[in-house]
>>> print(open('query31.cif').read())   # mmCIF, C-alpha atoms
data_run
loop_
_atom_site.group_PDB
_atom_site.id
_atom_site.type_symbol
_atom_site.label_atom_id
_atom_site.label_comp_id
_atom_site.auth_asym_id
_atom_site.auth_seq_id
_atom_site.Cartn_x
_atom_site.Cartn_y
_atom_site.Cartn_z
ATOM 1 C CA ASN A 1 5.757 -37.530 -21.529
ATOM 2 C CA HIS A 2 9.453 -36.690 -21.666
ATOM 3 C CA VAL A 3 12.710 -38.605 -21.817
ATOM 4 C CA GLY A 4 13.616 -37.699 -18.232
ATOM 5 C CA GLU A 5 10.794 -39.896 -16.971
ATOM 6 C CA LEU A 6 12.372 -42.838 -18.765
ATOM 7 C CA TRP A 7 15.641 -42.206 -16.910
ATOM 8 C CA SER A 8 13.794 -42.218 -13.559
ATOM 9 C CA ILE A 9 12.136 -45.558 -14.291
ATOM 10 C CA MET A 10 15.319 -47.179 -15.564
ATOM 11 C CA ASP A 11 17.431 -45.846 -12.702
ATOM 12 C CA PHE A 12 14.987 -47.381 -10.231
ATOM 13 C CA LEU A 13 14.954 -50.754 -11.995
ATOM 14 C CA ASN A 14 18.584 -50.829 -13.149
ATOM 15 C CA PRO A 15 20.658 -48.292 -11.202
ATOM 16 C CA ASN A 16 23.356 -46.559 -13.257
ATOM 17 C CA LEU A 17 22.261 -48.208 -16.522
ATOM 18 C CA LEU A 18 21.797 -44.792 -18.118
ATOM 19 C CA GLY A 19 24.373 -42.965 -16.001
ATOM 20 C CA PRO A 20 23.846 -39.891 -13.805
ATOM 21 C CA ALA A 21 20.812 -37.729 -14.511
ATOM 22 C CA THR A 22 22.876 -34.716 -15.593
ATOM 23 C CA GLU A 23 24.878 -36.784 -18.053
ATOM 24 C CA PHE A 24 21.692 -38.422 -19.364
ATOM 25 C CA ARG A 25 20.121 -35.016 -19.984
ATOM 26 C CA ARG A 26 23.202 -33.828 -21.869
ATOM 27 C CA ARG A 27 23.684 -37.002 -23.881
ATOM 28 C CA PHE A 28 20.105 -38.024 -24.652
ATOM 29 C CA ALA A 29 17.303 -35.817 -23.335
ATOM 30 C CA ALA A 30 18.409 -32.502 -24.830
ATOM 31 C CA PRO A 31 19.360 -33.842 -28.296
ATOM 32 C CA ILE A 32 16.170 -35.915 -28.582
ATOM 33 C CA GLU A 33 13.618 -33.456 -27.216
ATOM 34 C CA ARG A 34 15.092 -30.211 -28.528
ATOM 35 C CA HIS A 35 16.738 -31.296 -31.769
ATOM 36 C CA LYS A 36 14.851 -34.496 -32.674
ATOM 37 C CA ASP A 37 18.197 -36.314 -32.904
ATOM 38 C CA SER A 38 17.306 -39.657 -34.488
ATOM 39 C CA GLU A 39 20.769 -41.143 -33.921
ATOM 40 C CA GLN A 40 20.612 -40.554 -30.170
ATOM 41 C CA SER A 41 17.067 -41.949 -30.168
ATOM 42 C CA ARG A 42 18.353 -45.152 -31.749
ATOM 43 C CA ARG A 43 21.235 -45.387 -29.279
ATOM 44 C CA LEU A 44 18.908 -44.951 -26.320
ATOM 45 C CA ARG A 45 16.504 -47.494 -27.709
ATOM 46 C CA ARG A 46 19.313 -50.040 -28.072
ATOM 47 C CA LEU A 47 20.330 -49.481 -24.450
ATOM 48 C CA ILE A 48 16.880 -50.059 -22.996
ATOM 49 C CA HIS A 49 15.669 -52.682 -25.476
ATOM 50 C CA PRO A 50 16.712 -55.742 -23.398
ATOM 51 C CA PHE A 51 14.651 -54.473 -20.459
ATOM 52 C CA ILE A 52 11.385 -53.649 -22.237
ATOM 53 C CA LEU A 53 8.853 -56.179 -23.461
ATOM 54 C CA ARG A 54 5.944 -54.574 -25.263
ATOM 55 C CA ARG A 55 3.128 -56.306 -27.037
ATOM 56 C CA VAL A 56 0.417 -54.685 -29.123
ATOM 57 C CA LYS A 57 -2.278 -56.548 -30.963
ATOM 58 C CA THR A 58 -0.928 -55.480 -34.339
ATOM 59 C CA ASP A 59 2.248 -57.480 -33.740
ATOM 60 C CA PRO A 60 2.183 -60.444 -36.160
ATOM 61 C CA ASP A 61 3.264 -62.776 -33.375
ATOM 62 C CA ILE A 62 0.202 -61.801 -31.338
ATOM 63 C CA ILE A 63 -2.579 -61.632 -33.908
ATOM 64 C CA SER A 64 -1.921 -62.577 -37.503
ATOM 65 C CA ASP A 65 -5.418 -62.290 -38.934
ATOM 66 C CA LEU A 66 -6.355 -58.651 -38.285
ATOM 67 C CA PRO A 67 -6.900 -56.638 -41.479
ATOM 68 C CA GLU A 68 -5.218 -53.353 -42.305
ATOM 69 C CA LYS A 69 -6.170 -50.221 -40.382
ATOM 70 C CA MET A 70 -5.885 -46.808 -42.041
ATOM 71 C CA GLU A 71 -6.014 -43.635 -39.934
ATOM 72 C CA MET A 72 -6.501 -40.228 -41.514
ATOM 73 C CA ASN A 73 -7.267 -36.690 -40.425
ATOM 74 C CA VAL A 74 -10.269 -34.981 -41.992
ATOM 75 C CA TYR A 75 -9.717 -31.219 -42.018
ATOM 76 C CA CYS A 76 -12.808 -29.017 -41.941
ATOM 77 C CA ASN A 77 -13.242 -25.262 -42.157
ATOM 78 C CA LEU A 78 -15.419 -23.250 -39.821
ATOM 79 C CA THR A 79 -18.458 -21.402 -41.082
ATOM 80 C CA ARG A 80 -18.471 -17.648 -40.536
ATOM 81 C CA GLU A 81 -20.968 -18.110 -37.711
ATOM 82 C CA GLN A 82 -18.626 -20.570 -36.007
ATOM 83 C CA ALA A 83 -15.627 -18.268 -36.485
ATOM 84 C CA GLY A 84 -17.465 -15.311 -34.949
ATOM 85 C CA LEU A 85 -18.474 -17.310 -31.885
ATOM 86 C CA TYR A 86 -14.973 -18.769 -31.579
ATOM 87 C CA GLN A 87 -13.319 -15.339 -31.609
ATOM 88 C CA ALA A 88 -15.825 -13.943 -29.102
ATOM 89 C CA VAL A 89 -15.182 -16.744 -26.599
ATOM 90 C CA THR A 90 -11.418 -16.431 -27.043
ATOM 91 C CA SER A 91 -11.450 -12.655 -26.502
ATOM 92 C CA GLU A 92 -13.629 -12.972 -23.409
ATOM 93 C CA MET A 93 -11.368 -15.624 -21.897
ATOM 94 C CA LEU A 94 -8.151 -13.714 -22.570
ATOM 95 C CA GLY A 95 -9.655 -10.639 -20.931
ATOM 96 C CA SER A 96 -10.822 -12.615 -17.905
ATOM 97 C CA ILE A 97 -7.510 -14.289 -17.086
ATOM 98 C CA ASP A 98 -5.583 -11.019 -16.763
ATOM 99 C CA GLY A 99 -6.706 -10.637 -13.164
ATOM 100 C CA ALA A 100 -6.818 -14.338 -12.340
ATOM 101 C CA ALA A 101 -4.161 -16.705 -11.041
ATOM 102 C CA GLY A 102 -3.615 -20.331 -10.110
ATOM 103 C CA ILE A 103 -6.612 -22.628 -10.111
ATOM 104 C CA GLN A 104 -9.002 -19.836 -11.054
ATOM 105 C CA ARG A 105 -6.965 -18.938 -14.140
ATOM 106 C CA ARG A 106 -6.631 -22.566 -15.181
ATOM 107 C CA GLY A 107 -10.354 -23.092 -14.722
ATOM 108 C CA LEU A 108 -11.193 -20.133 -16.947
ATOM 109 C CA ILE A 109 -8.976 -21.465 -19.715
ATOM 110 C CA LEU A 110 -10.282 -25.024 -19.510
ATOM 111 C CA ALA A 111 -13.886 -23.799 -19.492
ATOM 112 C CA ALA A 112 -13.155 -21.765 -22.618
ATOM 113 C CA ILE A 113 -11.638 -24.800 -24.316
ATOM 114 C CA VAL A 114 -14.844 -26.785 -23.770
ATOM 115 C CA LYS A 115 -16.845 -23.935 -25.307
ATOM 116 C CA LEU A 116 -14.501 -23.739 -28.287
ATOM 117 C CA LYS A 117 -14.807 -27.468 -28.897
ATOM 118 C CA GLN A 118 -18.590 -27.123 -28.839
ATOM 119 C CA ILE A 119 -18.392 -24.289 -31.362
ATOM 120 C CA CYS A 120 -16.147 -26.385 -33.606
ATOM 121 C CA ASN A 121 -18.791 -29.111 -33.515
ATOM 122 C CA HIS A 122 -21.821 -26.923 -34.223
ATOM 123 C CA PRO A 123 -23.047 -23.464 -33.144
ATOM 124 C CA ALA A 124 -26.330 -25.014 -32.003
ATOM 125 C CA GLN A 125 -24.488 -27.120 -29.420
ATOM 126 C CA PHE A 126 -22.742 -24.095 -27.927
ATOM 127 C CA LEU A 127 -25.862 -21.912 -28.025
ATOM 128 C CA GLY A 128 -28.147 -24.650 -26.714
ATOM 129 C CA GLU A 129 -30.399 -24.400 -29.758
ATOM 130 C CA PRO A 130 -32.339 -27.316 -31.264
ATOM 131 C CA GLY A 131 -31.526 -26.101 -34.782
ATOM 132 C CA PRO A 132 -31.488 -25.478 -37.626
ATOM 133 C CA LEU A 133 -28.566 -27.851 -38.199
ATOM 134 C CA PRO A 134 -27.639 -27.897 -41.939
ATOM 135 C CA GLU A 135 -25.003 -25.546 -43.391
ATOM 136 C CA ARG A 136 -23.917 -24.059 -40.055
ATOM 137 C CA SER A 137 -21.024 -26.417 -39.284
ATOM 138 C CA GLY A 138 -18.150 -27.459 -41.516
ATOM 139 C CA LYS A 139 -17.767 -30.675 -39.533
ATOM 140 C CA CYS A 140 -21.416 -31.658 -39.809
ATOM 141 C CA ASP A 141 -21.514 -30.959 -43.528
ATOM 142 C CA ARG A 142 -18.402 -33.060 -44.130
ATOM 143 C CA LEU A 143 -19.634 -35.909 -41.921
ATOM 144 C CA ARG A 144 -22.921 -36.004 -43.805
ATOM 145 C CA GLU A 145 -21.110 -36.140 -47.155
ATOM 146 C CA MET A 146 -18.788 -38.937 -46.053
ATOM 147 C CA LEU A 147 -21.563 -41.010 -44.485
ATOM 148 C CA GLU A 148 -23.643 -40.703 -47.642
ATOM 149 C CA GLU A 149 -20.737 -42.372 -49.455
ATOM 150 C CA VAL A 150 -20.393 -45.026 -46.732
ATOM 151 C CA VAL A 151 -24.079 -45.940 -46.943
ATOM 152 C CA ALA A 152 -24.048 -45.921 -50.755
ATOM 153 C CA GLU A 153 -21.189 -48.454 -50.685
ATOM 154 C CA GLY A 154 -23.095 -50.726 -48.313
ATOM 155 C CA ASP A 155 -20.596 -50.138 -45.507
ATOM 156 C CA PHE A 156 -21.203 -49.527 -41.806
ATOM 157 C CA ALA A 157 -19.857 -46.802 -39.541
ATOM 158 C CA LEU A 158 -19.339 -45.841 -35.912
ATOM 159 C CA VAL A 159 -19.425 -42.143 -35.001
ATOM 160 C CA PHE A 160 -17.924 -41.146 -31.641
ATOM 161 C CA THR A 161 -18.513 -37.856 -29.851
ATOM 162 C CA GLN A 162 -17.711 -36.914 -26.270
ATOM 163 C CA PHE A 163 -20.864 -34.773 -25.998
ATOM 164 C CA ARG A 164 -24.249 -36.417 -25.518
ATOM 165 C CA GLU A 165 -26.058 -33.299 -26.740
ATOM 166 C CA MET A 166 -24.016 -33.364 -29.961
ATOM 167 C CA GLY A 167 -24.831 -37.018 -30.467
ATOM 168 C CA GLN A 168 -28.525 -36.193 -30.258
ATOM 169 C CA ARG A 169 -28.154 -33.473 -32.885
ATOM 170 C CA LEU A 170 -26.164 -35.772 -35.160
ATOM 171 C CA GLN A 171 -28.821 -38.450 -34.796
ATOM 172 C CA GLU A 172 -31.503 -35.986 -35.870
ATOM 173 C CA LEU A 173 -29.467 -34.621 -38.782
ATOM 174 C CA LEU A 174 -28.354 -37.999 -40.141
ATOM 175 C CA THR A 175 -31.764 -39.636 -39.758
ATOM 176 C CA ARG A 176 -33.178 -36.958 -42.025
ATOM 177 C CA THR A 177 -30.360 -36.775 -44.580
ATOM 178 C CA LEU A 178 -29.580 -40.511 -44.861
ATOM 179 C CA ASP A 179 -33.209 -41.653 -44.596
ATOM 180 C CA ARG A 180 -32.132 -44.432 -42.236
ATOM 181 C CA GLU A 181 -32.614 -45.196 -38.570
ATOM 182 C CA ILE A 182 -29.557 -43.915 -36.718
ATOM 183 C CA LEU A 183 -28.721 -45.684 -33.463
ATOM 184 C CA PHE A 184 -27.368 -43.611 -30.570
ATOM 185 C CA LEU A 185 -25.851 -45.106 -27.421
ATOM 186 C CA HIS A 186 -24.965 -42.840 -24.498
ATOM 187 C CA GLY A 187 -24.539 -42.977 -20.746
ATOM 188 C CA GLY A 188 -28.285 -42.825 -20.142
ATOM 189 C CA THR A 189 -29.110 -45.786 -22.385
ATOM 190 C CA PRO A 190 -30.649 -48.661 -20.341
ATOM 191 C CA ASN A 191 -28.755 -51.953 -20.408
ATOM 192 C CA HIS A 192 -31.457 -53.839 -22.312
ATOM 193 C CA ALA A 193 -31.653 -51.115 -24.980
ATOM 194 C CA ARG A 194 -27.855 -51.073 -25.200
ATOM 195 C CA THR A 195 -27.795 -54.815 -25.889
ATOM 196 C CA GLN A 196 -30.527 -54.522 -28.516
ATOM 197 C CA MET A 197 -28.692 -51.708 -30.314
ATOM 198 C CA VAL A 198 -25.471 -53.708 -30.492
ATOM 199 C CA GLU A 199 -27.274 -56.802 -31.780
ATOM 200 C CA ARG A 200 -29.134 -54.828 -34.439
ATOM 201 C CA PHE A 201 -25.984 -53.113 -35.663
ATOM 202 C CA GLN A 202 -23.978 -56.336 -35.683
ATOM 203 C CA ALA A 203 -26.677 -57.933 -37.859
ATOM 204 C CA ARG A 204 -25.535 -55.571 -40.675
ATOM 205 C CA ARG A 205 -28.973 -54.615 -41.855
ATOM 206 C CA ASP A 206 -29.252 -51.788 -44.363
ATOM 207 C CA GLU A 207 -31.722 -49.887 -42.189
ATOM 208 C CA THR A 208 -29.143 -49.291 -39.403
ATOM 209 C CA PRO A 209 -25.801 -48.523 -41.114
ATOM 210 C CA VAL A 210 -24.609 -45.820 -38.686
ATOM 211 C CA PHE A 211 -24.118 -46.140 -34.931
ATOM 212 C CA ILE A 212 -23.444 -42.967 -32.916
ATOM 213 C CA LEU A 213 -21.823 -43.507 -29.520
ATOM 214 C CA SER A 214 -20.770 -41.210 -26.718
ATOM 215 C CA LEU A 215 -17.065 -41.744 -26.202
ATOM 216 C CA LYS A 216 -17.234 -42.685 -22.525
ATOM 217 C CA ALA A 217 -20.316 -44.940 -22.723
ATOM 218 C CA GLY A 218 -19.501 -46.667 -26.004
ATOM 219 C CA GLY A 219 -15.720 -46.483 -26.122
ATOM 220 C CA VAL A 220 -15.078 -49.660 -24.126
ATOM 221 C CA GLY A 221 -16.570 -53.106 -23.660
ATOM 222 C CA LEU A 222 -18.434 -53.416 -26.967
ATOM 223 C CA ASN A 223 -17.859 -55.666 -29.962
ATOM 224 C CA LEU A 224 -18.882 -53.723 -33.080
ATOM 225 C CA THR A 225 -17.011 -55.485 -35.857
ATOM 226 C CA ALA A 226 -19.859 -54.845 -38.307
ATOM 227 C CA ALA A 227 -18.323 -51.390 -38.789
ATOM 228 C CA ASN A 228 -15.476 -50.828 -41.201
ATOM 229 C CA HIS A 229 -15.453 -47.033 -40.752
ATOM 230 C CA VAL A 230 -14.815 -45.207 -37.470
ATOM 231 C CA PHE A 231 -15.402 -41.451 -37.211
ATOM 232 C CA HIS A 232 -14.061 -39.396 -34.302
ATOM 233 C CA PHE A 233 -16.272 -36.325 -34.649
ATOM 234 C CA ASP A 234 -14.532 -34.473 -31.829
ATOM 235 C CA ARG A 235 -11.200 -35.237 -30.207
ATOM 236 C CA TRP A 236 -10.351 -36.403 -26.705
ATOM 237 C CA TRP A 237 -7.244 -35.158 -24.883
ATOM 238 C CA ASN A 238 -6.069 -38.708 -24.199
ATOM 239 C CA PRO A 239 -5.180 -40.595 -27.403
ATOM 240 C CA ALA A 240 -5.519 -43.930 -25.590
ATOM 241 C CA VAL A 241 -9.237 -43.221 -25.095
ATOM 242 C CA GLU A 242 -9.662 -42.702 -28.837
ATOM 243 C CA GLN A 243 -7.712 -45.886 -29.509
ATOM 244 C CA GLN A 244 -9.997 -47.881 -27.227
ATOM 245 C CA ALA A 245 -13.006 -46.488 -29.076
ATOM 246 C CA THR A 246 -11.517 -47.415 -32.457
ATOM 247 C CA ASP A 247 -10.910 -50.904 -31.114
ATOM 248 C CA ARG A 248 -14.662 -51.487 -30.859
ATOM 249 C CA ALA A 249 -14.379 -52.223 -34.589
ATOM 250 C CA TYR A 250 -10.684 -53.097 -34.923
ATOM 251 C CA ARG A 251 -10.579 -56.329 -32.953
ATOM 252 C CA ILE A 252 -10.648 -60.103 -33.307
ATOM 253 C CA GLY A 253 -13.463 -61.007 -35.667
ATOM 254 C CA GLN A 254 -12.929 -58.047 -37.977
ATOM 255 C CA THR A 255 -12.414 -59.204 -41.567
ATOM 256 C CA ARG A 256 -12.475 -55.920 -43.486
ATOM 257 C CA ARG A 257 -10.025 -53.062 -43.710
ATOM 258 C CA ILE A 258 -10.780 -50.377 -41.125
ATOM 259 C CA GLN A 259 -10.758 -46.687 -42.008
ATOM 260 C CA VAL A 260 -10.474 -44.281 -39.071
ATOM 261 C CA HIS A 261 -11.451 -40.656 -39.743
ATOM 262 C CA LYS A 262 -10.432 -38.012 -37.188
ATOM 263 C CA PHE A 263 -12.197 -34.682 -37.671
ATOM 264 C CA ILE A 264 -10.190 -31.505 -37.065
ATOM 265 C CA CYS A 265 -11.195 -27.879 -37.588
ATOM 266 C CA VAL A 266 -8.428 -26.027 -39.424
ATOM 267 C CA GLY A 267 -6.734 -23.126 -37.651
ATOM 268 C CA THR A 268 -8.277 -23.865 -34.252
ATOM 269 C CA LEU A 269 -7.216 -25.431 -30.975
ATOM 270 C CA GLU A 270 -8.173 -28.818 -32.457
ATOM 271 C CA GLU A 271 -5.438 -28.628 -35.080
ATOM 272 C CA ARG A 272 -2.831 -27.449 -32.572
ATOM 273 C CA ILE A 273 -3.665 -30.052 -29.945
ATOM 274 C CA ASP A 274 -3.541 -32.751 -32.614
ATOM 275 C CA ALA A 275 -0.018 -31.582 -33.504
ATOM 276 C CA MET A 276 1.012 -31.766 -29.839
ATOM 277 C CA LEU A 277 -0.402 -35.275 -29.472
ATOM 278 C CA GLU A 278 1.453 -36.394 -32.583
ATOM 279 C CA ALA A 279 4.688 -34.942 -31.191
ATOM 280 C CA LYS A 280 4.219 -36.964 -28.001
ATOM 281 C CA ARG A 281 3.467 -40.074 -30.048
ATOM 282 C CA ASP A 282 6.629 -39.593 -32.108
ATOM 283 C CA LEU A 283 8.709 -39.243 -28.941
ATOM 284 C CA ALA A 284 7.319 -42.470 -27.507
ATOM 285 C CA GLU A 285 7.784 -44.399 -30.738
ATOM 286 C CA ASN A 286 11.356 -43.197 -31.213
ATOM 287 C CA ILE A 287 12.378 -44.314 -27.730
ATOM 288 C CA ILE A 288 10.200 -47.319 -26.895
ATOM 289 C CA GLY A 289 8.611 -48.478 -30.133
ATOM 290 C CA ALA A 290 5.370 -48.269 -32.045
ATOM 291 C CA GLY A 291 1.939 -48.746 -30.553
ATOM 292 C CA GLU A 292 1.974 -46.631 -27.397
ATOM 293 C CA GLN A 293 -0.335 -43.667 -26.976
ATOM 294 C CA TRP A 294 1.011 -41.071 -24.576
ATOM 295 C CA LEU A 295 -1.032 -38.904 -22.281
ATOM 296 C CA THR A 296 -0.281 -35.275 -22.951
ATOM 297 C CA GLU A 297 -0.103 -32.802 -20.078
ATOM 298 C CA LEU A 298 -0.819 -29.261 -21.184
ATOM 299 C CA SER A 299 0.340 -26.349 -19.036
ATOM 300 C CA THR A 300 -1.853 -23.279 -18.648
ATOM 301 C CA ASP A 301 0.481 -21.268 -20.876
ATOM 302 C CA LYS A 302 0.328 -23.875 -23.628
ATOM 303 C CA LEU A 303 -3.437 -24.077 -23.362
ATOM 304 C CA ARG A 304 -3.698 -20.330 -23.749
ATOM 305 C CA SER A 305 -1.494 -20.366 -26.855
ATOM 306 C CA LEU A 306 -3.809 -22.865 -28.533
ATOM 307 C CA LEU A 307 -6.848 -20.619 -28.686
ATOM 308 C CA THR A 308 -6.149 -17.933 -31.278
ATOM 309 C CA LEU A 309 -8.046 -18.473 -34.523
ATOM 310 C CA SER A 310 -5.899 -18.642 -37.671
ATOM 311 C CA GLU A 311 -6.742 -16.825 -40.885
ATOM 312 C CA ASP A 312 -7.235 -20.087 -42.794
ATOM 313 C CA ALA A 313 -9.932 -21.332 -40.411
ATOM 314 C CA VAL A 314 -12.808 -20.088 -42.589
ATOM 315 C CA ALA A 315 -13.121 -21.158 -46.210
ATOM 316 C CA ASP A 316 -13.401 -18.379 -48.793
#
>>> encode(input="query31.cif", output="structure tokens")
Amino acid sequence: NHVGELWSIMDFLNPNLLGPATEFRRRFAAPIERHKDSEQSRRLRRLIHPFILRRVKTDPDIISDLPEKMEMNVYCNLTREQAGLYQAVTSEMLGSIDGAAGIQRRGLILAAIVKLKQICNHPAQFLGEPGPLPERSGKCDRLREMLEEVVAEGDFALVFTQFREMGQRLQELLTRTLDREILFLHGGTPNHARTQMVERFQARRDETPVFILSLKAGGVGLNLTAANHVFHFDRWWNPAVEQQATDRAYRIGQTRRIQVHKFICVGTLEERIDAMLEAKRDLAENIIGAGEQWLTELSTDKLRSLLTLSEDAVAD
């Protein structure tokens, strides 16, 4: 998460390789973390390179037959209904934490973040309503449009969400709009039904072109190479979890180019957290090399700063 942790590891394995901690902070940590000093990043990488062996499956020496993978952010605006709910939750949380401290304060903020993520997905999820679903969520409208194109091209897609209740709503919405059977695998899916769903999707039949999966239940242990599109409808705090989910399609046996679409609501905590995750990724890649996803640790103060809604969140 920060360059100082690298010094601790290296000093344990190779004492004095990187010098005293104070000198390391002055020479490397401060220039790299505060000023994004690329020259010092390269120097540090050269120092530690002989002691680090990293292998990722995209290395040509490991797997030479995997196709290209393209990752892109899909930016969506909130509807006015979503923006109103978002601002109300934010105001309530900020008022509540004034008299709170410690674990209680952190809990209030984290609970608000879950609510805000639900609102970014769809007002019906936050409100616990069955519907109506169309034209109330910028994300849902954009997902529907993109999946219509996927199906029209004869392609196949995985859609990941961390919320089971959102997966159920997406299944209902997409079944109606795409006029196809939409598979949905979640933590409550029996093992035999899980196996049948995977087999049906892998058969690449036109009647089942979209497979919705809850991130925890479907993000590991499945081979879903029939898909050449992966949609992350909502984002997980740990990028490695998202990477594992993407790898259900991007794995040995995949022959087509993979397109990974990560949905982000503009001007919300989703956009700001994505920027923080990218900053952590850049730090890791500058020092150690490409391929590593870093777990981000967000302090209470940083979490609080993520919540304010920007003016560009709602489309005109």
>>> resolve_selection(input="query31.cif", expression="the PyMOL selection byres ((chain A and resi 155) around 8)", output="PyMOL selection string")
chain A and resi 150-154+156-157+209+227-229
>>> residues_around(input="query31.cif", residues="Asp11 in chain A", least_positions_apart="5", cutoff="12 Å", atoms="all atoms listed in the file", output="compact mmCIF listing (two decimals) with C-alpha atoms, keeping the file's coordinate frame")
# COMPACT_ATOMS: atom_id res chain seq x y z
CA GLY A 4 13.62 -37.70 -18.23
CA GLU A 5 10.79 -39.90 -16.97
CA LEU A 6 12.37 -42.84 -18.76
CA ASN A 16 23.36 -46.56 -13.26
CA LEU A 17 22.26 -48.21 -16.52
CA LEU A 18 21.80 -44.79 -18.12
CA GLY A 19 24.37 -42.96 -16.00
CA PRO A 20 23.85 -39.89 -13.80
CA ALA A 21 20.81 -37.73 -14.51
CA PHE A 24 21.69 -38.42 -19.36
CA ILE A 48 16.88 -50.06 -23.00
CA PHE A 51 14.65 -54.47 -20.46
>>> resolve_selection(input="query31.cif", expression="the PyMOL selection byres ((chain A and resi 167) around 12)", output="MDAnalysis selection string")
chainID A and resid 118 121:122 125 140 158:166 168:175 182:187 211:215 217:218 232:234
>>> resolve_selection(input="query31.cif", expression="the PyMOL selection byres ((chain A and resi 88-101) around 12)", output="number ranges by chain")
A: 81-87, 102-120, 126-127, 268-269, 300-301, 303-309
>>> atom_distance(input="query31.cif", atom1="CA of Glu270 in chain A", atom2="CA of Ala124 in chain A")
18.6 Å
>>> atom_distance(input="query31.cif", atom1="CA of Thr189 in chain A", atom2="CA of Val220 in chain A")
14.7 Å
>>> closest_residue(input="query31.cif", among="A:Tyr75, A:Asp179, A:Leu13, A:Gln254", to="Glu148 in chain A", atoms="all atoms listed in the file")
A:Asp179
>>> atom_distance(input="query31.cif", atom1="CA of Arg251 in chain A", atom2="CA of Gln196 in chain A")
20.5 Å
>>> residues_around(input="query31.cif", residues="Arg248 in chain A", least_positions_apart="2", cutoff="8 Å", atoms="only C-alpha atoms", output="PDB file with C-alpha atoms, in the coordinates of the input")
ATOM      1  CA  GLY A 219     -15.720 -46.483 -26.122  1.00  0.00           C
ATOM      2  CA  VAL A 220     -15.078 -49.660 -24.126  1.00  0.00           C
ATOM      3  CA  GLY A 221     -16.570 -53.106 -23.660  1.00  0.00           C
ATOM      4  CA  LEU A 222     -18.434 -53.416 -26.967  1.00  0.00           C
ATOM      5  CA  ASN A 223     -17.859 -55.666 -29.962  1.00  0.00           C
ATOM      6  CA  LEU A 224     -18.882 -53.723 -33.080  1.00  0.00           C
ATOM      7  CA  THR A 225     -17.011 -55.485 -35.857  1.00  0.00           C
ATOM      8  CA  GLN A 244      -9.997 -47.881 -27.227  1.00  0.00           C
ATOM      9  CA  ALA A 245     -13.006 -46.488 -29.076  1.00  0.00           C
ATOM     10  CA  THR A 246     -11.517 -47.415 -32.457  1.00  0.00           C
ATOM     11  CA  TYR A 250     -10.684 -53.097 -34.923  1.00  0.00           C
ATOM     12  CA  ARG A 251     -10.579 -56.329 -32.953  1.00  0.00           C
TER      13      ARG A 251
END
>>> closest_residue(input="query31.cif", among="A:Ser8, A:Asp312, A:Arg272, A:Ile52", to="Thr22 in chain A", atoms="all atoms listed in the file")
A:Ser8
>>> closest_residue(input="query31.cif", among="A:Arg25, A:Arg180, A:His192, A:Arg80", to="Gly138 in chain A", atoms="only C-alpha atoms")
A:Arg80
>>> closest_residue(input="query31.cif", among="A:Lys69, A:Lys216, A:Arg34, A:His261", to="Asn238 in chain A", atoms="all atoms listed in the file")
A:Lys216
>>> decode(input="query31.cif", residues="range 15-30 of chain A", atoms="C-alpha atoms", output="PDB file, in the first residue's frame")
ATOM      1  CA  PRO A  15      19.240  -6.290   5.899  1.00  0.00           C
ATOM      2  CA  ASN A  16      20.675  -2.914   4.870  1.00  0.00           C
ATOM      3  CA  LEU A  17      19.952  -3.471   1.163  1.00  0.00           C
ATOM      4  CA  LEU A  18      17.901  -0.274   1.060  1.00  0.00           C
ATOM      5  CA  GLY A  19      19.733   1.513   3.873  1.00  0.00           C
ATOM      6  CA  PRO A  20      18.263   2.938   7.091  1.00  0.00           C
ATOM      7  CA  ALA A  21      14.540   3.655   7.154  1.00  0.00           C
ATOM      8  CA  THR A  22      14.998   7.422   7.496  1.00  0.00           C
ATOM      9  CA  GLU A  23      17.341   7.556   4.524  1.00  0.00           C
ATOM     10  CA  PHE A  24      14.987   5.347   2.490  1.00  0.00           C
ATOM     11  CA  ARG A  25      12.072   7.679   3.214  1.00  0.00           C
ATOM     12  CA  ARG A  26      14.102  10.710   2.142  1.00  0.00           C
ATOM     13  CA  ARG A  27      15.597   9.112  -0.951  1.00  0.00           C
ATOM     14  CA  PHE A  28      12.704   7.026  -2.265  1.00  0.00           C
ATOM     15  CA  ALA A  29       9.435   7.099  -0.325  1.00  0.00           C
ATOM     16  CA  ALA A  30       8.852  10.855  -0.289  1.00  0.00           C
TER      17      ALA A  30
END
